[in-house]
file my_file18.pdb (PDB, C-alpha atoms, pLDDT in the B column)
ATOM      1  CA  MET S  14    -124.512 -41.556  66.719  1.00 48.00           C
ATOM      2  CA  ARG S  15    -123.862 -37.864  66.350  1.00 47.00           C
ATOM      3  CA  LYS S  16    -120.807 -38.139  68.598  1.00 48.00           C
ATOM      4  CA  VAL S  17    -119.489 -40.951  66.445  1.00 43.00           C
ATOM      5  CA  ILE S  18    -119.930 -38.927  63.233  1.00 47.00           C
ATOM      6  CA  LEU S  19    -118.221 -35.845  64.749  1.00 44.00           C
ATOM      7  CA  THR S  20    -115.380 -38.016  66.010  1.00 45.00           C
ATOM      8  CA  LEU S  21    -114.923 -39.631  62.616  1.00 42.00           C
ATOM      9  CA  VAL S  22    -114.985 -36.229  60.861  1.00 41.00           C
ATOM     10  CA  THR S  23    -112.460 -34.839  63.336  1.00 46.00           C
ATOM     11  CA  PHE S  24    -110.230 -37.868  62.866  1.00 43.00           C
ATOM     12  CA  ALA S  25    -110.491 -37.589  59.059  1.00 49.00           C
ATOM     13  CA  LEU S  26    -109.577 -33.879  59.079  1.00 46.00           C
ATOM     14  CA  GLY S  27    -106.671 -34.547  61.415  1.00 51.00           C
ATOM     15  CA  ALA S  28    -105.401 -37.390  59.247  1.00 47.00           C
ATOM     16  CA  ALA S  29    -105.712 -35.275  56.104  1.00 45.00           C
ATOM     17  CA  PHE S  30    -103.841 -32.397  57.763  1.00 40.00           C
ATOM     18  CA  ALA S  31    -101.107 -34.777  58.951  1.00 42.00           C
ATOM     19  CA  VAL S  32    -100.695 -36.258  55.457  1.00 38.00           C
ATOM     20  CA  PHE S  33    -100.563 -32.770  53.883  1.00 36.00           C
ATOM     21  CA  PHE S  34     -98.076 -31.516  56.473  1.00 36.00           C
ATOM     22  CA  LEU S  35     -95.803 -34.551  56.215  1.00 38.00           C
ATOM     23  CA  ASN S  36     -95.898 -34.552  52.417  1.00 43.00           C
ATOM     24  CA  GLY S  37     -95.037 -30.878  52.378  1.00 41.00           C
ATOM     25  CA  LYS S  38     -92.226 -31.411  54.839  1.00 39.00           C
ATOM     26  CA  ASN S  39     -90.855 -34.323  52.847  1.00 39.00           C
ATOM     27  CA  ALA S  40     -91.078 -32.305  49.647  1.00 34.00           C
ATOM     28  CA  ALA S  41     -89.204 -29.431  51.226  1.00 34.00           C
ATOM     29  CA  GLN S  42     -86.564 -31.788  52.566  1.00 38.00           C
ATOM     30  CA  GLY S  43     -86.255 -33.456  49.179  1.00 37.00           C
ATOM     31  CA  GLN S  44     -85.518 -30.225  47.327  1.00 39.00           C
ATOM     32  CA  ALA S  45     -81.863 -29.741  46.429  1.00 42.00           C
ATOM     33  CA  GLN S  46     -80.486 -26.854  48.398  1.00 41.00           C
ATOM     34  CA  PRO S  47     -77.934 -24.636  46.624  1.00 42.00           C
ATOM     35  CA  ALA S  48     -74.482 -25.251  48.022  1.00 46.00           C
ATOM     36  CA  ALA S  49     -72.731 -22.223  49.436  1.00 44.00           C
ATOM     37  CA  ALA S  50     -70.004 -21.326  46.976  1.00 44.00           C
ATOM     38  CA  SER S  51     -66.691 -19.977  48.126  1.00 47.00           C
ATOM     39  CA  GLY S  52     -66.223 -16.308  47.379  1.00 44.00           C
ATOM     40  CA  PHE S  53     -66.260 -12.845  48.809  1.00 46.00           C
ATOM     41  CA  SER S  54     -69.441 -11.456  47.271  1.00 44.00           C
ATOM     42  CA  ALA S  55     -72.368 -10.383  49.439  1.00 48.00           C
ATOM     43  CA  VAL S  56     -74.452 -13.235  48.019  1.00 52.00           C
ATOM     44  CA  PRO S  57     -72.447 -16.517  48.034  1.00 57.00           C
ATOM     45  CA  GLY S  58     -71.727 -17.700  44.519  1.00 59.00           C
ATOM     46  CA  ALA S  59     -72.967 -14.482  42.898  1.00 56.00           C
ATOM     47  CA  ILE S  60     -70.807 -12.075  40.916  1.00 56.00           C
ATOM     48  CA  GLY S  61     -71.869  -8.452  40.877  1.00 52.00           C
ATOM     49  CA  SER S  62     -71.157  -4.943  42.089  1.00 51.00           C
ATOM     50  CA  GLN S  63     -67.378  -4.657  42.412  1.00 55.00           C
ATOM     51  CA  ASP S  64     -66.927  -8.439  42.333  1.00 58.00           C
ATOM     52  CA  VAL S  65     -66.461  -8.502  38.559  1.00 61.00           C
ATOM     53  CA  THR S  66     -64.160 -11.494  38.436  1.00 63.00           C
ATOM     54  CA  GLY S  67     -64.836 -13.433  41.596  1.00 64.00           C
ATOM     55  CA  PRO S  68     -62.039 -14.974  43.691  1.00 67.00           C
ATOM     56  CA  TYR S  69     -58.638 -15.453  42.101  1.00 71.00           C
ATOM     57  CA  ASP S  70     -55.094 -16.432  42.993  1.00 78.00           C
ATOM     58  CA  VAL S  71     -51.925 -14.579  42.044  1.00 82.00           C
ATOM     59  CA  VAL S  72     -49.636 -16.771  39.935  1.00 87.00           C
ATOM     60  CA  LYS S  73     -45.983 -15.788  40.067  1.00 90.00           C
ATOM     61  CA  GLY S  74     -44.423 -15.332  36.632  1.00 91.00           C
ATOM     62  CA  TRP S  75     -47.764 -15.008  34.838  1.00 94.00           C
ATOM     63  CA  PRO S  76     -47.815 -13.617  32.219  1.00 96.00           C
ATOM     64  CA  LYS S  77     -44.373 -13.891  30.709  1.00 97.00           C
ATOM     65  CA  ASP S  78     -42.718 -10.549  30.152  1.00 97.00           C
ATOM     66  CA  ILE S  79     -43.143  -8.826  26.800  1.00 97.00           C
ATOM     67  CA  SER S  80     -39.329  -8.740  26.636  1.00 97.00           C
ATOM     68  CA  THR S  81     -39.413 -12.483  25.886  1.00 96.00           C
ATOM     69  CA  LEU S  82     -40.670 -11.726  22.383  1.00 96.00           C
ATOM     70  CA  PRO S  83     -37.899 -11.843  19.739  1.00 95.00           C
ATOM     71  CA  GLY S  84     -36.626  -8.342  18.991  1.00 94.00           C
ATOM     72  CA  ASN S  85     -38.320  -6.831  22.038  1.00 96.00           C
ATOM     73  CA  GLU S  86     -35.671  -7.682  24.620  1.00 96.00           C
ATOM     74  CA  LYS S  87     -35.164  -4.048  25.716  1.00 96.00           C
ATOM     75  CA  TRP S  88     -38.793  -3.388  26.652  1.00 97.00           C
ATOM     76  CA  THR S  89     -41.178  -4.426  29.403  1.00 97.00           C
ATOM     77  CA  TYR S  90     -44.874  -3.777  30.005  1.00 97.00           C
ATOM     78  CA  GLY S  91     -46.097  -0.239  30.553  1.00 95.00           C
ATOM     79  CA  ALA S  92     -48.928   0.651  32.929  1.00 94.00           C
ATOM     80  CA  GLY S  93     -51.460  -2.182  33.058  1.00 94.00           C
ATOM     81  CA  GLU S  94     -54.991  -0.964  32.393  1.00 94.00           C
ATOM     82  CA  GLY S  95     -57.307  -3.926  31.840  1.00 93.00           C
ATOM     83  CA  VAL S  96     -57.643  -7.706  31.675  1.00 93.00           C
ATOM     84  CA  PHE S  97     -60.393  -9.816  30.113  1.00 93.00           C
ATOM     85  CA  ALA S  98     -60.458 -13.621  30.057  1.00 91.00           C
ATOM     86  CA  GLU S  99     -62.314 -14.895  27.000  1.00 92.00           C
ATOM     87  CA  SER S 100     -61.389 -18.359  28.272  1.00 90.00           C
ATOM     88  CA  PRO S 101     -58.782 -19.745  30.698  1.00 89.00           C
ATOM     89  CA  ASN S 102     -56.484 -20.229  27.715  1.00 94.00           C
ATOM     90  CA  ARG S 103     -57.092 -16.868  26.032  1.00 94.00           C
ATOM     91  CA  VAL S 104     -56.622 -13.780  28.204  1.00 95.00           C
ATOM     92  CA  TYR S 105     -56.568 -10.228  26.780  1.00 96.00           C
ATOM     93  CA  MET S 106     -54.250  -7.761  28.515  1.00 97.00           C
ATOM     94  CA  LEU S 107     -54.254  -4.015  27.917  1.00 97.00           C
ATOM     95  CA  PHE S 108     -51.234  -1.772  28.538  1.00 96.00           C
ATOM     96  CA  ARG S 109     -50.244   1.823  27.938  1.00 94.00           C
ATOM     97  CA  GLY S 110     -47.346   0.935  25.702  1.00 95.00           C
ATOM     98  CA  GLU S 111     -43.979  -0.230  26.979  1.00 97.00           C
ATOM     99  CA  LEU S 112     -41.226   0.955  29.296  1.00 96.00           C
ATOM    100  CA  PRO S 113     -37.478   0.310  29.108  1.00 96.00           C
ATOM    101  CA  LYS S 114     -36.507  -2.985  30.720  1.00 95.00           C
ATOM    102  CA  MET S 115     -33.846  -2.346  33.337  1.00 91.00           C
ATOM    103  CA  ASP S 116     -32.623  -3.767  36.603  1.00 89.00           C
ATOM    104  CA  PRO S 117     -33.701  -2.005  39.805  1.00 86.00           C
ATOM    105  CA  PRO S 118     -31.053   0.363  41.171  1.00 87.00           C
ATOM    106  CA  LYS S 119     -29.051  -0.449  44.263  1.00 89.00           C
ATOM    107  CA  ALA S 120     -30.257   1.177  47.466  1.00 88.00           C
ATOM    108  CA  ALA S 121     -28.455   4.419  48.259  1.00 90.00           C
ATOM    109  CA  LEU S 122     -28.702   7.043  50.998  1.00 90.00           C
ATOM    110  CA  LEU S 123     -29.539  10.605  49.885  1.00 89.00           C
ATOM    111  CA  PRO S 124     -28.217  12.872  52.660  1.00 91.00           C
ATOM    112  CA  GLN S 125     -28.455  15.887  50.362  1.00 92.00           C
ATOM    113  CA  LEU S 126     -32.240  15.565  50.576  1.00 88.00           C
ATOM    114  CA  GLY S 127     -32.555  14.830  54.271  1.00 89.00           C
ATOM    115  CA  PRO S 128     -31.592  12.459  57.088  1.00 89.00           C
ATOM    116  CA  SER S 129     -32.422   8.768  56.663  1.00 86.00           C
ATOM    117  CA  ILE S 130     -33.738   9.284  53.131  1.00 89.00           C
ATOM    118  CA  SER S 131     -32.872   6.526  50.699  1.00 87.00           C
ATOM    119  CA  PHE S 132     -33.811   5.357  47.234  1.00 86.00           C
ATOM    120  CA  PRO S 133     -35.590   3.135  46.216  1.00 86.00           C
ATOM    121  CA  VAL S 134     -38.317   3.674  48.802  1.00 82.00           C
ATOM    122  CA  ALA S 135     -39.913   0.444  50.057  1.00 78.00           C
ATOM    123  CA  GLY S 136     -38.566  -1.330  46.990  1.00 75.00           C
ATOM    124  CA  PHE S 137     -40.412   0.916  44.529  1.00 81.00           C
ATOM    125  CA  TRP S 138     -38.242   2.796  42.085  1.00 83.00           C
ATOM    126  CA  ARG S 139     -40.433   3.427  39.032  1.00 87.00           C
ATOM    127  CA  ASP S 140     -44.082   4.451  38.847  1.00 86.00           C
ATOM    128  CA  ALA S 141     -45.406   2.877  35.651  1.00 89.00           C
ATOM    129  CA  THR S 142     -48.535   5.038  35.740  1.00 86.00           C
ATOM    130  CA  THR S 143     -46.625   8.309  35.417  1.00 81.00           C
ATOM    131  CA  ALA S 144     -43.726   6.916  33.390  1.00 86.00           C
ATOM    132  CA  SER S 145     -45.947   5.386  30.690  1.00 89.00           C
ATOM    133  CA  LEU S 146     -47.432   7.286  27.792  1.00 87.00           C
ATOM    134  CA  PRO S 147     -49.302   9.581  27.435  1.00 80.00           C
ATOM    135  CA  GLY S 148     -49.127  11.105  30.900  1.00 62.00           C
ATOM    136  CA  VAL S 149     -52.336  13.122  30.594  1.00 55.00           C
ATOM    137  CA  GLY S 150     -55.357  12.031  28.643  1.00 46.00           C
ATOM    138  CA  GLY S 151     -58.954  12.488  29.656  1.00 44.00           C
ATOM    139  CA  THR S 152     -58.846  16.291  29.552  1.00 48.00           C
ATOM    140  CA  ASP S 153     -59.481  18.892  26.877  1.00 47.00           C
ATOM    141  CA  GLN S 154     -56.045  18.514  25.340  1.00 52.00           C
ATOM    142  CA  ASP S 155     -55.721  18.217  21.569  1.00 57.00           C
ATOM    143  CA  THR S 156     -55.541  14.505  20.761  1.00 52.00           C
ATOM    144  CA  LYS S 157     -53.235  15.331  17.866  1.00 56.00           C
ATOM    145  CA  LYS S 158     -50.741  16.525  20.476  1.00 65.00           C
ATOM    146  CA  TRP S 159     -51.172  13.643  22.874  1.00 68.00           C
ATOM    147  CA  LEU S 160     -47.399  13.185  23.242  1.00 71.00           C
ATOM    148  CA  THR S 161     -46.492  16.792  23.952  1.00 70.00           C
ATOM    149  CA  ALA S 162     -47.281  16.880  27.681  1.00 67.00           C
ATOM    150  CA  TRP S 163     -45.394  13.624  28.236  1.00 75.00           C
ATOM    151  CA  GLU S 164     -42.393  14.990  26.351  1.00 76.00           C
ATOM    152  CA  GLY S 165     -42.566  18.257  28.288  1.00 73.00           C
ATOM    153  CA  LYS S 166     -43.247  20.789  25.540  1.00 68.00           C
ATOM    154  CA  ASP S 167     -46.941  21.669  25.574  1.00 61.00           C
ATOM    155  CA  ASP S 168     -47.574  25.396  25.102  1.00 61.00           C
ATOM    156  CA  GLN S 169     -51.274  25.014  25.928  1.00 62.00           C
ATOM    157  CA  LEU S 170     -50.460  23.580  29.357  1.00 61.00           C
ATOM    158  CA  GLY S 171     -47.733  26.138  29.966  1.00 64.00           C
ATOM    159  CA  ILE S 172     -44.912  23.610  29.777  1.00 61.00           C
ATOM    160  CA  LYS S 173     -41.915  24.900  27.858  1.00 64.00           C
ATOM    161  CA  GLY S 174     -38.333  23.903  27.400  1.00 62.00           C
ATOM    162  CA  PRO S 175     -36.444  20.951  25.964  1.00 63.00           C
ATOM    163  CA  PRO S 176     -38.193  17.538  25.940  1.00 65.00           C
ATOM    164  CA  PHE S 177     -37.853  15.717  29.242  1.00 75.00           C
ATOM    165  CA  ARG S 178     -38.622  12.353  27.687  1.00 82.00           C
ATOM    166  CA  LYS S 179     -38.297  10.899  24.219  1.00 85.00           C
ATOM    167  CA  LEU S 180     -40.479   8.390  22.410  1.00 87.00           C
ATOM    168  CA  GLY S 181     -38.562   5.193  21.647  1.00 91.00           C
ATOM    169  CA  VAL S 182     -36.100   5.875  24.475  1.00 92.00           C
ATOM    170  CA  ASP S 183     -38.060   6.508  27.670  1.00 92.00           C
ATOM    171  CA  ALA S 184     -41.211   4.739  26.506  1.00 93.00           C
ATOM    172  CA  ASN S 185     -42.546   2.915  23.480  1.00 93.00           C
ATOM    173  CA  TRP S 186     -46.075   2.933  22.052  1.00 93.00           C
ATOM    174  CA  GLU S 187     -46.286  -0.705  20.983  1.00 95.00           C
ATOM    175  CA  ASN S 188     -47.933  -3.916  22.172  1.00 97.00           C
ATOM    176  CA  CYS S 189     -50.830  -2.165  23.885  1.00 96.00           C
ATOM    177  CA  LEU S 190     -53.054  -5.229  23.447  1.00 97.00           C
ATOM    178  CA  VAL S 191     -51.498  -8.624  24.179  1.00 98.00           C
ATOM    179  CA  ILE S 192     -53.077 -12.078  24.493  1.00 98.00           C
ATOM    180  CA  ALA S 193     -51.669 -14.814  26.751  1.00 97.00           C
ATOM    181  CA  ASP S 194     -52.570 -18.436  27.367  1.00 97.00           C
ATOM    182  CA  ALA S 195     -53.068 -20.207  30.694  1.00 94.00           C
ATOM    183  CA  ASP S 196     -49.315 -20.776  31.059  1.00 95.00           C
ATOM    184  CA  GLY S 197     -48.541 -17.093  30.538  1.00 96.00           C
ATOM    185  CA  ASN S 198     -47.157 -17.526  27.024  1.00 97.00           C
ATOM    186  CA  ILE S 199     -47.784 -14.565  24.732  1.00 98.00           C
ATOM    187  CA  ILE S 200     -49.745 -16.042  21.833  1.00 97.00           C
ATOM    188  CA  GLU S 201     -50.810 -12.834  20.033  1.00 97.00           C
ATOM    189  CA  THR S 202     -49.912  -9.149  19.901  1.00 97.00           C
ATOM    190  CA  TRP S 203     -52.361  -6.750  18.241  1.00 96.00           C
ATOM    191  CA  LYS S 204     -49.829  -4.091  17.292  1.00 95.00           C
ATOM    192  CA  GLN S 205     -51.883  -3.181  14.225  1.00 95.00           C
ATOM    193  CA  TRP S 206     -54.308  -1.268  16.503  1.00 94.00           C
ATOM    194  CA  ASP S 207     -51.706   0.649  18.556  1.00 93.00           C
ATOM    195  CA  LYS S 208     -52.035   3.733  16.349  1.00 89.00           C
ATOM    196  CA  LEU S 209     -55.755   4.027  17.168  1.00 89.00           C
ATOM    197  CA  MET S 210     -55.211   4.131  20.930  1.00 89.00           C
ATOM    198  CA  ARG S 211     -54.406   7.140  23.091  1.00 85.00           C
ATOM    199  CA  ARG S 212     -55.214   6.119  26.681  1.00 86.00           C
ATOM    200  CA  PRO S 213     -56.842   2.674  26.552  1.00 91.00           C
ATOM    201  CA  HIS S 214     -58.388   1.733  29.871  1.00 91.00           C
ATOM    202  CA  SER S 215     -60.396  -1.488  29.543  1.00 94.00           C
ATOM    203  CA  VAL S 216     -61.040  -4.389  27.178  1.00 95.00           C
ATOM    204  CA  TYR S 217     -64.193  -6.506  26.929  1.00 94.00           C
ATOM    205  CA  ILE S 218     -66.065  -9.069  24.819  1.00 93.00           C
ATOM    206  CA  SER S 219     -69.843  -9.163  25.179  1.00 90.00           C
ATOM    207  CA  PRO S 220     -71.090 -12.610  26.298  1.00 86.00           C
ATOM    208  CA  TYR S 221     -74.044 -12.133  23.903  1.00 89.00           C
ATOM    209  CA  ASP S 222     -71.898 -11.472  20.830  1.00 91.00           C
ATOM    210  CA  MET S 223     -71.519 -14.632  18.733  1.00 91.00           C
ATOM    211  CA  GLU S 224     -68.822 -12.921  16.640  1.00 93.00           C
ATOM    212  CA  LYS S 225     -66.791 -12.119  19.788  1.00 92.00           C
ATOM    213  CA  ASN S 226     -65.934  -8.564  18.797  1.00 95.00           C
ATOM    214  CA  VAL S 227     -63.307  -7.036  21.066  1.00 96.00           C
ATOM    215  CA  TRP S 228     -64.130  -3.638  22.586  1.00 96.00           C
ATOM    216  CA  VAL S 229     -61.434  -1.312  23.905  1.00 95.00           C
ATOM    217  CA  VAL S 230     -62.473   1.718  25.966  1.00 93.00           C
ATOM    218  CA  ASP S 231     -60.214   4.761  25.589  1.00 88.00           C
ATOM    219  CA  ASP S 232     -60.735   7.784  27.840  1.00 81.00           C
ATOM    220  CA  ASN S 233     -58.735  10.285  25.780  1.00 75.00           C
ATOM    221  CA  MET S 234     -61.427  12.684  24.502  1.00 63.00           C
TER     222      MET S 234
END
call {"tool": "encode", "arguments": {"input": "my_file18.pdb", "output": "structure tokens"}}
result
Amino acid sequence: MRKVILTLVTFALGAAFAVFFLNGKNAAQGQAQPAAASGFSAVPGAIGSQDVTGPYDVVKGWPKDISTLPGNEKWTYGAGEGVFAESPNRVYMLFRGELPKMDPPKAALLPQLGPSISFPVAGFWRDATTASLPGVGGTDQDTKKWLTAWEGKDDQLGIKGPPFRKLGVDANWENCLVIADADGNIIETWKQWDKLMRRPHSVYISPYDMEKNVWVVDDNM
């Protein structure tokens, strides 16, 4: 009788363990597993660290040039500093003013400088970073004189002589903040804030701000 009781107890424990194990296995199998998202972040589907935007594709001709605006035919974008997409159809773009719109020069050899030297080099003929205003910025320079170093007449920096560049000719301080839609059309220009900027570097809208205030970070002083 004792053997029968022990056998029945052993069988009952085994059956209970089997039911628990199978139920647990079925539950685990029934849970929805997160699909691996395409991307280049360390954790698939996650955005963090340097992966601020996630994967993207370059679209040729987007955005349309600032020269397409009526009355602005002679100017193109200056150095690009920041982009923020409030939505796919409303993208903020931040620039350091504008540069003259011109066709690239024809390739030419420069034997006076050395053998086999030509210009443009590798197709590049203008550096927007150095050509755009204000040239210098995040130093101890007087913000009231933010144009002087770019023009070439800053006594504090030891630069003297006639201006090398002229505002309105070699660069223009307008259309620093531009908004484009998904097709690249320029839908807004915030020229009213140009006078407050010196060296704007990034533009953001907090995802927690219901009023959607636009923040522009400027590193000049």
call {"tool": "residues_near_point", "arguments": {"input": "my_file18.pdb", "point": "(-53.3, 0.4, 27.3)", "cutoff": "12 Å", "atoms": "all atoms listed in the file", "output": "number ranges by chain"}}
result
S: 90-96, 105-111, 141-142, 145-147, 150, 185-191, 203-204, 206-216, 229-233
call {"tool": "atom_distance", "arguments": {"input": "my_file18.pdb", "atom1": "CA of Asn198 in chain S", "atom2": "CA of Asn102 in chain S"}}
result
9.7 Å
call {"tool": "resolve_selection", "arguments": {"input": "my_file18.pdb", "expression": "the PyMOL selection byres ((chain S and resi 118) around 12)", "output": "PyMOL selection string"}}
result
chain S and resi 115-117+119-121+131-134+136-139
call {"tool": "atom_distance", "arguments": {"input": "my_file18.pdb", "atom1": "CA of Asp196 in chain S", "atom2": "CA of Ala184 in chain S"}}
result
27.2 Å
call {"tool": "resolve_selection", "arguments": {"input": "my_file18.pdb", "expression": "the PyMOL selection byres ((chain S and resi 74) around 12)", "output": "PyMOL selection string"}}
result
chain S and resi 71-73+75-79+195-198
call {"tool": "write_last_selection", "arguments": {"input": "my_file18.pdb", "atoms": "C-alpha atoms", "output": "PDB file, in the coordinates of the input"}}
result
ATOM      1  CA  VAL S  71     -51.925 -14.579  42.044  1.00 82.00           C
ATOM      2  CA  VAL S  72     -49.636 -16.771  39.935  1.00 87.00           C
ATOM      3  CA  LYS S  73     -45.983 -15.788  40.067  1.00 90.00           C
ATOM      4  CA  TRP S  75     -47.764 -15.008  34.838  1.00 94.00           C
ATOM      5  CA  PRO S  76     -47.815 -13.617  32.219  1.00 96.00           C
ATOM      6  CA  LYS S  77     -44.373 -13.891  30.709  1.00 97.00           C
ATOM      7  CA  ASP S  78     -42.718 -10.549  30.152  1.00 97.00           C
ATOM      8  CA  ILE S  79     -43.143  -8.826  26.800  1.00 97.00           C
ATOM      9  CA  ALA S 195     -53.068 -20.207  30.694  1.00 94.00           C
ATOM     10  CA  ASP S 196     -49.315 -20.776  31.059  1.00 95.00           C
ATOM     11  CA  GLY S 197     -48.541 -17.093  30.538  1.00 96.00           C
ATOM     12  CA  ASN S 198     -47.157 -17.526  27.024  1.00 97.00           C
TER      13      ASN S 198
END
call {"tool": "atom_distance", "arguments": {"input": "my_file18.pdb", "atom1": "CA of Ala98 in chain S", "atom2": "CA of Thr81 in chain S"}}
result
21.5 Å
